[in-house]
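Working notes, beginning with the structure itself.
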Amino acid sequence: MSRPNGPGTGEGGNLGSTVRIGLLKAMMLSRTLERACCELNPRWFPAEGEEGVIAGAFFGLRSDDTMAPHYRGPFLAYALRGANLSRLVGQALGKANGYARGRALGFTGPAAMGIVPWVAGDLGTTIGVATGCALGFSYEGSDRVTVCSFGDGTTNRGDFHEALNLASVWKLPIVYVCQHNQYSISLHASEVLPIEHLSIRAGSYGMPGLTVDGNDVFAVHTAVRDAVARARNGDGPTLIEARSYRLGGHWASDPGGYRLPEVQEAWRDKDPIPRAISEMVDAGDLTQHEIDAMWDEVRHAVDEAIAIAKACPDARIEDIGSDEVFAEVPDGTSAHLGARSGSWRA
Amino acid sequence: MSRPNGPGTGEGGNLGSTVRIGLLKAMMLSRTLERACCELNPRWFPAEGEEGVIAGAFFGLRSDDTMAPHYRGPFLAYALRGANLSRLVGQALGKANGYARGRALGFTGPAAMGIVPWVAGDLGTTIGVATGCALGFSYEGSDRVTVCSFGDGTTNRGDFHEALNLASVWKLPIVYVCQHNQYSISLHASEVLPIEHLSIRAGSYGMPGLTVDGNDVFAVHTAVRDAVARARNGDGPTLIEARSYRLGGHWASDPGGYRLPEVQEAWRDKDPIPRAISEMVDAGDLTQHEIDAMWDEVRHAVDEAIAIAKACPDARIEDIGSDEVFAEVPDGTSAHLGARSGSWRA
Amino acid sequence: MARLSFAEALVEGMRHELRTDERVFLMGQDIGKMGGVMGGSRGLIEEFGPRRIRETPISESAMVGAAIGSAMVGKRPIVEISFGEFLPTCMSQIVLQAANLHYMTAGAVDVSMVLRTRIGDGPYRGHPQCYESWFAHVPGLKVLMPSTPTDARNLMIAAIRDPNPVIFFEHMWLYHGVREEVDDVPVAATIGKAAIRRVGRDVTVVATGWMVHKALEAAETLALEGIEVEVVDLVSLAPLDIDTVASSVRRTSRIVVAHEAWKIGGIGAEVTAAIAEACFFDLEAPPVRVGAPHHPLPMAKPLRDAFVPDVDDLLRAIRQAMAS
Amino acid sequence: MARLSFAEALVEGMRHELRTDERVFLMGQDIGKMGGVMGGSRGLIEEFGPRRIRETPISESAMVGAAIGSAMVGKRPIVEISFGEFLPTCMSQIVLQAANLHYMTAGAVDVSMVLRTRIGDGPYRGHPQCYESWFAHVPGLKVLMPSTPTDARNLMIAAIRDPNPVIFFEHMWLYHGVREEVDDVPVAATIGKAAIRRVGRDVTVVATGWMVHKALEAAETLALEGIEVEVVDLVSLAPLDIDTVASSVRRTSRIVVAHEAWKIGGIGAEVTAAIAEACFFDLEAPPVRVGAPHHPLPMAKPLRDAFVPDVDDLLRAIRQAMAS
Ligand SMILES: Cc1ncc(C[n+]2csc(CCOP(=O)(O)OP(=O)(O)O)c2C)c(N)n1
Ligand SMILES: Cc1ncc(C[n+]2csc(CCOP(=O)(O)OP(=O)(O)O)c2C)c(N)n1
Ligand SMILES: [Mg+2]
Ligand SMILES: [Mg+2]
């Protein structure tokens with residue numbers, strides 16, 4: 001694995017056993033939760049194979065930090081922040097119990113928990129918003145940070161460029177994690193990216209950039225943890241390219257005829273979860289028995305969440321309407337006429 | 001002068017005497033023409049000091065290549081393409097004899113001559129259009145190329161990023177020249193750019209990037225000539241950062257109170273025109289007498305252009321209207337109702 | 001006569017021009033080996049290969065810039081922005097470059113490009129924003145929204161041949177939702193003409209895209225009650241064929257304008273205002289507009305269904321127009 | 001009472017909030033040591049320093065994104081897009097992020113930001129595009145266009161305090177072109193209210209920005225002929241105070257709607273359509289719209305002058321409204 005610019009992989013040994021167990025469990029939860037969503041919703045975006053990146057990026061943040069996860073696999077980030085699993089599954093199903101009451105895309109996050117939510121589908125724009133959260137932290141002089149992830153294909157959007165430049169000029173406390181799964185829908189990275197390593201793009205902004213093995217959750221987490229520490233310390237942003245592979249289709253029902261089954265199989269062998277498990281068993285962190293118990297626990301939690309979500313009513317038309325188009329203007333600041341029509345139907 | 005990525009400066013000796021004389025004369029023309037525009041129009045954008053970049057970038061192209069010059073000092077590029085000086089001066093004055101009949105910004109180019117014209121003021125977007133010209137050439141399999149220049153500040157626009165990436169993915173025949181004058185209006189590069197050398201941004205697109213001394217017209221031209229040859233040869237785009245300094249204000253009447261007079265004076269001493277002259281006199285290319293004659297010739301041409309332009313009527317309201325909002329649809333392709341109102345006044 | 005879906009008809013139109021004009025090519029994301037977004041370019045990569053069916057990075061602004069520049073040097077690009085929701089990412093190229101170039105250069109260059117994009121609610125629940133009225137506001141753009149397979153094919157041909165920038169809106173519900181016998185001989189349709197889809201003497205309903213079909217359904221229902229609805233399909237939002245609408249209104253004296261975009265500031269505002277100006281003394285009742293309610297577009301299916309104006313909304317609006 | 005220009009009043013409004021609310025800061029290009037674009041932030045850097053008056057790169061989309069994100073974590077950013085012509089470069093942030101966030105999160109976050117920008121013809125001959133109707137079409141945005149120094153200051157204060165995204169259009173001709181005695185005590189104006197600038201019984205003229213002043217001039221002229229014009233300044237384009245317009249029209253029975261933006265698809269289309277719906281039986285004459293002709297905005301001064309609707313255009317329109 002090349003390291004164009006900064007420290008690299010293989011520092012998993014650095015992490016204490018509690019953190020390692022936490023990372024493994026996070027990956028297990030992500031795998032289980034996202035598989036369930038894929039089964040329940042054929043248009044869900046499978047994150048299978050990329051759990052090392054997601055868990056490594058969002059594990060261990062402070063509750064006052066903000067998270068802006070990529071749309072592929074974000075439920076883990078929300079869960080780490082304390083989101084209720086049945087409300088998340090409800091979102092994937094379009095149920096009334098979702099955090100956005102069915103208004104936003106299913107993969108949106110609970111914004112009140114310091115999550116940059118998905119309120120639209122235009123890739124790249126959330127990178128700018130996440131950067132703005134970091135500006136807010138810098139402005140207030142706090143040591144809060146933002147972690148923002150996005151796909152490899154999204155780094156070709158102008159918004160990526162503008163946001164990273166601004167973050168560097170202002171030395172904002174943000175860590176950018178590229179969840180590099182080698183694909184943008186049907187297009188392989190080699191068709192749309194003229195470079196092998198996205199971490200080199202950090203050089204355009206004078207920020208550290210590094211490439212890590214995204215299927216090594218410990219390596220990802222070590223890199224992000226160090227970058228978070230830099231950011232907290234006022235030393236500015238970092239770009240981390242975490243290389244992995246999208247084992248599933250672009251969406252759950254995508255037959256993926258645009259790629260070779262043998263390549264897919266080869267990547268299946270690099271699955272980050274068995275890899276972490278075998279490392280941890282070898283290191284004596286966990287026994288096979290404990291691992292089985294962790295799977296059981298995670299499966300039980302997800303099954304319960306599914307049962308609750310399924311029992312919920314579908315999103316209700318009473319929940320759309322002109323309320324909350326605008327936040328209410330507090331008294332004494334400005335009187336306010338409000339939107340013209342009070343009802344949701346024109 | 002640093003050279004992050006590729007060959008560098010000081011190859012002026014490479015150039016034949018005819019080319020060297022041509023470059024000098026081009027700089028003289030640019031200086032004279034643009035000074036006149038500044039005198040005639042307080043909102044003109046002075047290019048004084050940056051002639052090395054402009055002449056070096058646009059001299060010696062084929063007539064079937066396209067040029068997309070930066071808005072600061074583009075008249076030289078147009079003149080090299082054969083534009084009529086009095087029509088250019090007319091544009092700066094808002095006269096009816098301008099190429100766009102007063103419709104476009106004064107610094108717009110004669111599009112029919114293979115120039116990407118300025119039809120709006122949003123910086124960065126023309127980089128995408130210029131890249132499209134190169135796509136057209138690549139698509140048709142010709143060896144035509146595009147040279148596109150822009151300011152240092154403009155490289156922070158998302159459009160810069162998207163265009164250079166696309167050009168590299170498709171190996172388009174285009175040379176990007178950053179006319180780095182260290183300022184974006186009142187902001188020094190150090191306030192808005194987190195890196196010293198913009199040529200490093202080429203690395204994000206896997207294209208060659210190099211930094212040249214923009215006040216050394218021969219160095220600029222050598223670098224562009226080589227990059228043009230690469231592009232013609234099907235080897236793809238290049239980014240050249242040509243470092244110079246804006247001796248005047250952002251616009252002619254800008255007092256420029258945001259910078260130090262002593263720095264300005266130091267740069268005045270590096271003026272690319274006396275520098276080229278003294279090199280050429282030393283090398284025996286030209287005598288002082290010949291140089292005086294060149295200045296006379298250029299001044300005469302510009303004086304004449306001014307006189308003609310001044311005598312022209314102002315842009316005429318007959319020249320606006322709904323004609324040419326749309327190009328006419330040729331017979332047999334599709335009947336066409338045209339715009340609703342035939343007159344220019346609603 | 002082949003029975004074509006809307007999507008197939010679109011592909012037929014592009015295929016015809018790709019075959020007959022070497023200058024024509026298509027750029028977009030996932031338009032090749034995946035078969036196109038929602039099948040919107042199915043089969044083209046096999047016939048024309050990657051030089052003419054060009055996959056692009058996620059760089060919408062550069063994509064449109066590339067189309068403009070290549071058009072300026074004589075090509076006839078079709079650039080596909082996968083969904084209308086992504087138009088805000090490339091507005092400068094569209095409204096400041098493409099729209100201005102011919103006029104601002106006093107006619108020195110043409111920008112013969114087509115920008116195709118998918119909008120509207122449909123089987124695919126994502127990215128359906130309907131921003132078409134923005135483009136109708138900006139001079140220099142032609143803005144089309146076909147509602148039938150025949151128009152999809154023949155307007156696509158006309159758009160490609162047109163020497164001007166054409167924004168081509170493809171409604172997602174129509175894609176696989178309507179089929180029609182389409183004449184075997186492709187012809188270039190006339191850009192800038194509205195179409196009367198049903199003749200009626202009592203009330204004029206002006207609609208776009210999927211709403212045209214809903215209006216025809218509403219008309220069937222009302223015919224049973226003896227109300228004869230004339231349905232005008234705008235087809236072209238710019239140039240706007242207000243003459244066809246006006247002459248219909250002069251016959252019916254009543255107008256309802258319906259679209260899926262937000263009512264406030266939608267193209268219906270322009271049609272209503274233009275008719276109020278032109279046909280004030282012909283109207284016997286206030287005009288009625290139907291459009292989406294003024295809040296952001298929700299995503300869950302029941303909310304989406306409630307958000308998008310439907311046949312009931314049209315029936316209510318038409319009855320209101322008939323009431324006074 | 002101080003006599004303030006429009007630009008000075010804007011700065012006063014920002015200064016007041018910067019002084020009283022530590023969460024408020026301003027971002028933009030050339031807003032500091034240069035004294036602001038056209039003096040639009042003069043003196044602020046001296047008083048508040050570079051932490052609160054933040055110079056930015058030429059990255060409009062990131063600037064708006066930065067405003068949104070910082071608002072989400074509790075700040076009150078004002079982001080300055082130097083000119084309206086650059087709004088197309090940051091549309092996604094405005095219409096898909098800022099506008100949607102509060103609604104789509106079911107109220108979980110507020111986006112308390114002001115986006116200020118300069119539009120319209122004026123002493124500065126560049127970048128004057130008037131795209132305001134695009135924003136009025138999109139739910140979730142408040143859209144303001146003051147026409148007087150008092151409103152400039154007091155609406156700026158209200159916009160900064162408002163917990164929602166407010167797009168604040170500053171007309172360039174007004175900047176140094178109008179002065180007014182402004183009450184010493186700054187107050188937050190009410191957002192969403194139109195203002196009757198002149199009372200008249202014969203015809204209602206609805207206008208925005210500089211056109212309000214032209215309408216007042218036209219009204220003076222027509223008063224000499226015995227025609228009493230009521231001038232309504234929209235002030236707020238979203239929410240649109242159609243009630244104030246409608247009650248004026250109910251008194252006068254005639255309406256002219258005027259703005260500097262292109263007539264087709266401008267905010268005047270919405271006002272005209274809404275009034276045609278609401279006041280159909282009150283109107284005695286067809287509504288008349290005044291707006292820019294439907295071609296791109298030319299740059300040379302005489303062409304610009306001819307392009308921008310003027311007092312003569314208004315006089316003609318008002319006489320037309322009075323004729324039938
Ligand atoms: C601006 C924009 N353009 C195009 C799309 C359509 N689209 C949705 S997902 C996707 C692929 C994204 O690739 P990447 O960023 O690598 O993320 P991945 O799906 O691989 O996780 C595309 C092109 C979009 N959502 N937004
Ligand atoms: C998108 C956009 N944002 C802001 C401006 C306002 N503006 C005009 S010139 C300029 C400075 C440009 O700097 P640079 O690219 O370095 O070119 P220079 O003026 O130094 O030649 C700015 C910010 C603009 N024209 N377009
Ligand atoms: Mg990817
Ligand atoms: Mg510069």
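Chain identifiers are assigned as A, B, and so on, following the order in which chains appear in the structure tokens; residues are numbered from 1 within each chain, and ligands are numbered from 1 in order of appearance.
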Nearby polymer residues, ligand 1, at most 6 Å, only C-alpha atoms and all ligand atoms, as a CSV table (one decimal) with all heavy atoms, in the first residue's frame:
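Written out: result.csv:
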```csv
chain,number,residue,atom,x,y,z
A,72,ARG,N,-23.1,5.9,1.9
A,72,ARG,CA,-23.1,4.4,1.8
A,72,ARG,C,-22.6,3.9,3.2
A,72,ARG,O,-21.4,4.0,3.6
A,72,ARG,CB,-22.1,4.0,0.7
A,72,ARG,CG,-22.1,2.5,0.5
A,72,ARG,CD,-21.2,2.1,-0.7
A,72,ARG,NE,-21.6,2.6,-2.0
A,72,ARG,CZ,-22.6,2.2,-2.7
A,72,ARG,NH1,-23.3,1.2,-2.3
A,72,ARG,NH2,-22.8,2.8,-3.9
A,121,GLY,N,-29.8,14.8,-2.7
A,121,GLY,CA,-29.0,13.8,-3.3
A,121,GLY,C,-27.8,14.2,-4.1
A,121,GLY,O,-27.1,13.4,-4.7
A,122,ASP,N,-27.5,15.5,-4.0
A,122,ASP,CA,-26.4,16.0,-4.8
A,122,ASP,C,-25.0,15.8,-4.1
A,122,ASP,O,-24.7,16.4,-3.1
A,122,ASP,CB,-26.6,17.5,-5.1
A,122,ASP,CG,-26.6,18.3,-3.8
A,122,ASP,OD1,-27.3,17.8,-2.8
A,122,ASP,OD2,-26.0,19.4,-3.7
A,123,LEU,N,-24.3,14.9,-4.6
A,123,LEU,CA,-23.0,14.5,-4.0
A,123,LEU,C,-22.0,15.6,-3.9
A,123,LEU,O,-21.9,16.4,-4.9
A,123,LEU,CB,-22.4,13.3,-4.7
A,123,LEU,CG,-23.2,12.0,-4.5
A,123,LEU,CD1,-22.6,10.9,-5.4
A,123,LEU,CD2,-23.2,11.5,-3.1
A,150,PHE,N,-16.7,10.5,2.3
A,150,PHE,CA,-17.3,10.6,0.9
A,150,PHE,C,-16.7,9.6,0.0
A,150,PHE,O,-15.6,9.1,0.3
A,150,PHE,CB,-17.1,12.1,0.4
A,150,PHE,CG,-15.8,12.6,0.6
A,150,PHE,CD1,-14.7,12.2,-0.2
A,150,PHE,CD2,-15.6,13.5,1.7
A,150,PHE,CE1,-13.4,12.7,0.1
A,150,PHE,CE2,-14.3,14.0,2.0
A,150,PHE,CZ,-13.2,13.6,1.2
A,151,GLY,N,-17.3,9.4,-1.1
A,151,GLY,CA,-16.8,8.3,-2.0
A,151,GLY,C,-15.7,8.8,-2.9
A,151,GLY,O,-15.4,10.0,-3.0
A,152,ASP,N,-15.0,7.9,-3.5
A,152,ASP,CA,-13.9,8.2,-4.4
A,152,ASP,C,-14.4,9.1,-5.6
A,152,ASP,O,-13.8,10.1,-6.0
A,152,ASP,CB,-13.2,7.0,-5.0
A,152,ASP,CG,-14.2,5.9,-5.4
A,152,ASP,OD1,-15.1,5.6,-4.6
A,152,ASP,OD2,-14.1,5.4,-6.5
A,153,GLY,N,-15.6,8.7,-6.1
A,153,GLY,CA,-16.1,9.4,-7.3
A,153,GLY,C,-16.5,10.9,-6.9
A,153,GLY,O,-16.3,11.8,-7.8
A,154,THR,N,-16.8,11.1,-5.7
A,154,THR,CA,-17.3,12.4,-5.3
A,154,THR,C,-16.1,13.4,-5.2
A,154,THR,O,-16.3,14.6,-5.3
A,154,THR,CB,-18.0,12.3,-3.9
A,154,THR,OG1,-19.1,11.4,-4.0
A,154,THR,CG2,-18.5,13.6,-3.4
A,181,ASN,N,-14.1,2.9,-2.7
A,181,ASN,CA,-14.5,1.6,-3.0
A,181,ASN,C,-14.3,1.2,-4.4
A,181,ASN,O,-14.9,0.2,-4.9
A,181,ASN,CB,-16.0,1.4,-2.5
A,181,ASN,CG,-16.9,2.3,-3.3
A,181,ASN,OD1,-16.5,2.9,-4.3
A,181,ASN,ND2,-18.2,2.2,-3.0
A,183,TYR,N,-15.5,2.3,-7.1
A,183,TYR,CA,-16.6,2.4,-8.1
A,183,TYR,C,-17.4,3.7,-7.9
A,183,TYR,O,-17.5,4.1,-6.7
A,183,TYR,CB,-17.5,1.2,-8.1
A,183,TYR,CG,-17.0,0.1,-8.9
A,183,TYR,CD1,-16.1,-0.9,-8.4
A,183,TYR,CD2,-17.2,0.1,-10.3
A,183,TYR,CE1,-15.6,-1.8,-9.2
A,183,TYR,CE2,-16.7,-0.9,-11.1
A,183,TYR,CZ,-15.9,-1.9,-10.5
A,183,TYR,OH,-15.3,-2.9,-11.3
A,184,SER,N,-17.9,4.3,-8.9
A,184,SER,CA,-19.0,5.3,-8.9
A,184,SER,C,-20.1,4.6,-9.7
A,184,SER,O,-20.0,4.6,-11.0
A,184,SER,CB,-18.6,6.6,-9.6
A,184,SER,OG,-17.3,7.0,-9.1
A,185,ILE,N,-21.0,4.1,-9.1
A,185,ILE,CA,-22.1,3.2,-9.7
A,185,ILE,C,-21.3,2.2,-10.6
A,185,ILE,O,-20.6,1.4,-10.1
A,185,ILE,CB,-23.1,4.1,-10.5
A,185,ILE,CG1,-23.7,5.2,-9.5
A,185,ILE,CG2,-24.3,3.2,-10.9
A,185,ILE,CD1,-24.9,6.0,-10.0
C,58,ILE,N,-17.9,12.4,-11.9
C,58,ILE,CA,-19.0,13.2,-11.3
C,58,ILE,C,-18.6,14.7,-11.2
C,58,ILE,O,-18.1,15.1,-10.2
C,58,ILE,CB,-19.3,12.6,-9.9
C,58,ILE,CG1,-19.5,11.1,-9.9
C,58,ILE,CG2,-20.5,13.3,-9.3
C,58,ILE,CD1,-19.7,10.5,-8.6
C,86,PHE,N,-29.4,17.6,-10.0
C,86,PHE,CA,-28.0,18.0,-10.1
C,86,PHE,C,-27.8,19.3,-11.0
C,86,PHE,O,-26.6,19.8,-11.1
C,86,PHE,CB,-27.1,16.9,-10.7
C,86,PHE,CG,-27.4,15.6,-10.0
C,86,PHE,CD1,-27.3,14.4,-10.7
C,86,PHE,CD2,-27.8,15.5,-8.7
C,86,PHE,CE1,-27.5,13.2,-10.1
C,86,PHE,CE2,-28.1,14.3,-8.0
C,86,PHE,CZ,-27.9,13.1,-8.7
```
Could you work out which residues of chain D fall inside 8 Å of chain A? Count only C-alpha atoms, and format the result as a VMD selection string. chain D and resid 51 56 to 57 59 61 to 75 92 to 93 96 to 97 100 to 110 139 to 140 158 161 to 164 188 to 193 239 to 241
Contacts of Phe83 of chain D within 6 Å, only C-alpha atoms, excl. fewer than 6 positions in-chain, as a list in words: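 Once the adjacent positions are removed, what remains is Thr117, Arg118 and His127 of chain D.
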Residues of chain A that have any atom at most 7 Å from an atom of chain B: could you tabulate them with the shortest-distance atom pair and the distance in Å to one decimal, using only C-alpha atoms, ordered by chain and increasing number, as JSON lines?
```
{"residue": "A:Asn156", "atom": "CA", "partner": "B:Glu162", "partner_atom": "CA", "distance": 6.1}
{"residue": "A:Arg157", "atom": "CA", "partner": "B:Glu162", "partner_atom": "CA", "distance": 6.2}
{"residue": "A:Gly158", "atom": "CA", "partner": "B:Gly158", "partner_atom": "CA", "distance": 3.5}
{"residue": "A:Asp159", "atom": "CA", "partner": "B:Gly158", "partner_atom": "CA", "distance": 5.8}
{"residue": "A:His161", "atom": "CA", "partner": "B:Gly158", "partner_atom": "CA", "distance": 5.8}
{"residue": "A:Glu162", "atom": "CA", "partner": "B:Gly158", "partner_atom": "CA", "distance": 5.7}
{"residue": "A:Ser168", "atom": "CA", "partner": "B:Pro194", "partner_atom": "CA", "distance": 6.1}
{"residue": "A:Val169", "atom": "CA", "partner": "B:Pro194", "partner_atom": "CA", "distance": 5.2}
{"residue": "A:Val192", "atom": "CA", "partner": "B:Val169", "partner_atom": "CA", "distance": 6.0}
{"residue": "A:Leu193", "atom": "CA", "partner": "B:Val169", "partner_atom": "CA", "distance": 6.3}
{"residue": "A:Pro194", "atom": "CA", "partner": "B:Val169", "partner_atom": "CA", "distance": 5.2}
{"residue": "A:Ile195", "atom": "CA", "partner": "B:Gly206", "partner_atom": "CA", "distance": 5.4}
{"residue": "A:Ile200", "atom": "CA", "partner": "B:Ser204", "partner_atom": "CA", "distance": 6.0}
{"residue": "A:Arg201", "atom": "CA", "partner": "B:Ser204", "partner_atom": "CA", "distance": 4.7}
{"residue": "A:Gly203", "atom": "CA", "partner": "B:Ile200", "partner_atom": "CA", "distance": 6.9}
{"residue": "A:Ser204", "atom": "CA", "partner": "B:Arg201", "partner_atom": "CA", "distance": 4.7}
{"residue": "A:Tyr205", "atom": "CA", "partner": "B:Pro194", "partner_atom": "CA", "distance": 5.7}
{"residue": "A:Gly206", "atom": "CA", "partner": "B:Ile195", "partner_atom": "CA", "distance": 5.4}
```
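Here atom 4 (C, counted along the ligand's line) of ligand 2 stands at a distance of 7.6 Å from atom CA of Glu60 of chain D.
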Just need the residues of chain D within 6 Å of chain C, counting only C-alpha atoms, so spit them out as number ranges by chain. D: 88-89, 91-92, 134, 137, 139, 264-265, 269-270, 272-273, 277, 280, 286-287, 294-296
When you look at Ala55 of chain A with a cut-off of 7 Å (counting only C-alpha atoms), what residues show up, excluding the ones that are within fewer than 6 positions of it in the same chain? I need them as a PDB file with C-alpha atoms, in the first residue's frame.
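Dumped to result.pdb:
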```pdb
ATOM      1  CA  LEU A  23     -14.156  -1.409  16.284  1.00  0.00           C
ATOM      2  CA  ALA A  26     -19.022  -1.613  15.163  1.00  0.00           C
ATOM      3  CA  MET A  27     -18.210  -3.449  11.949  1.00  0.00           C
ATOM      4  CA  VAL A 217     -10.055  -1.253  10.445  1.00  0.00           C
TER       5      VAL A 217
END
```
Go through segment 43-89 of chain D and collect every residue that DSSP, computed from the backbone, puts in alpha helix (DSSP H); the answer should be as a VMD selection string. chain D and resid 44 to 52 60 to 72
Pull the strand (DSSP E) assignments for segment 144-295 of chain D out of DSSP run on the backbone, and list those residues as number ranges by chain. D: 144, 166-171, 179-182, 195-198, 203-207, 229-233, 236-238, 255-262, 288-292
Fewer than 3 positions away in the same chain doesn't count, so skip those; otherwise give me all residues within 8 Å of Glu230 of chain D, counting only C-alpha atoms, as a PyMOL selection string. chain D and resi 196-205+219+248
For atom CA of Arg52 of chain D and atom CA of Phe25 of chain D, the interatomic separation in Å (one decimal): 4.6 Å
Can you tell me, as an NGL selection string, what residues are no more than 7 Å from segment 145-152 of chain C when counting only C-alpha atoms, ignoring any on the same chain fewer than 3 positions away? :C and (4-6 or 9-10 or 155-156 or 168-170 or 179-180 or 182 or 208-210 or 212 or 235-236)
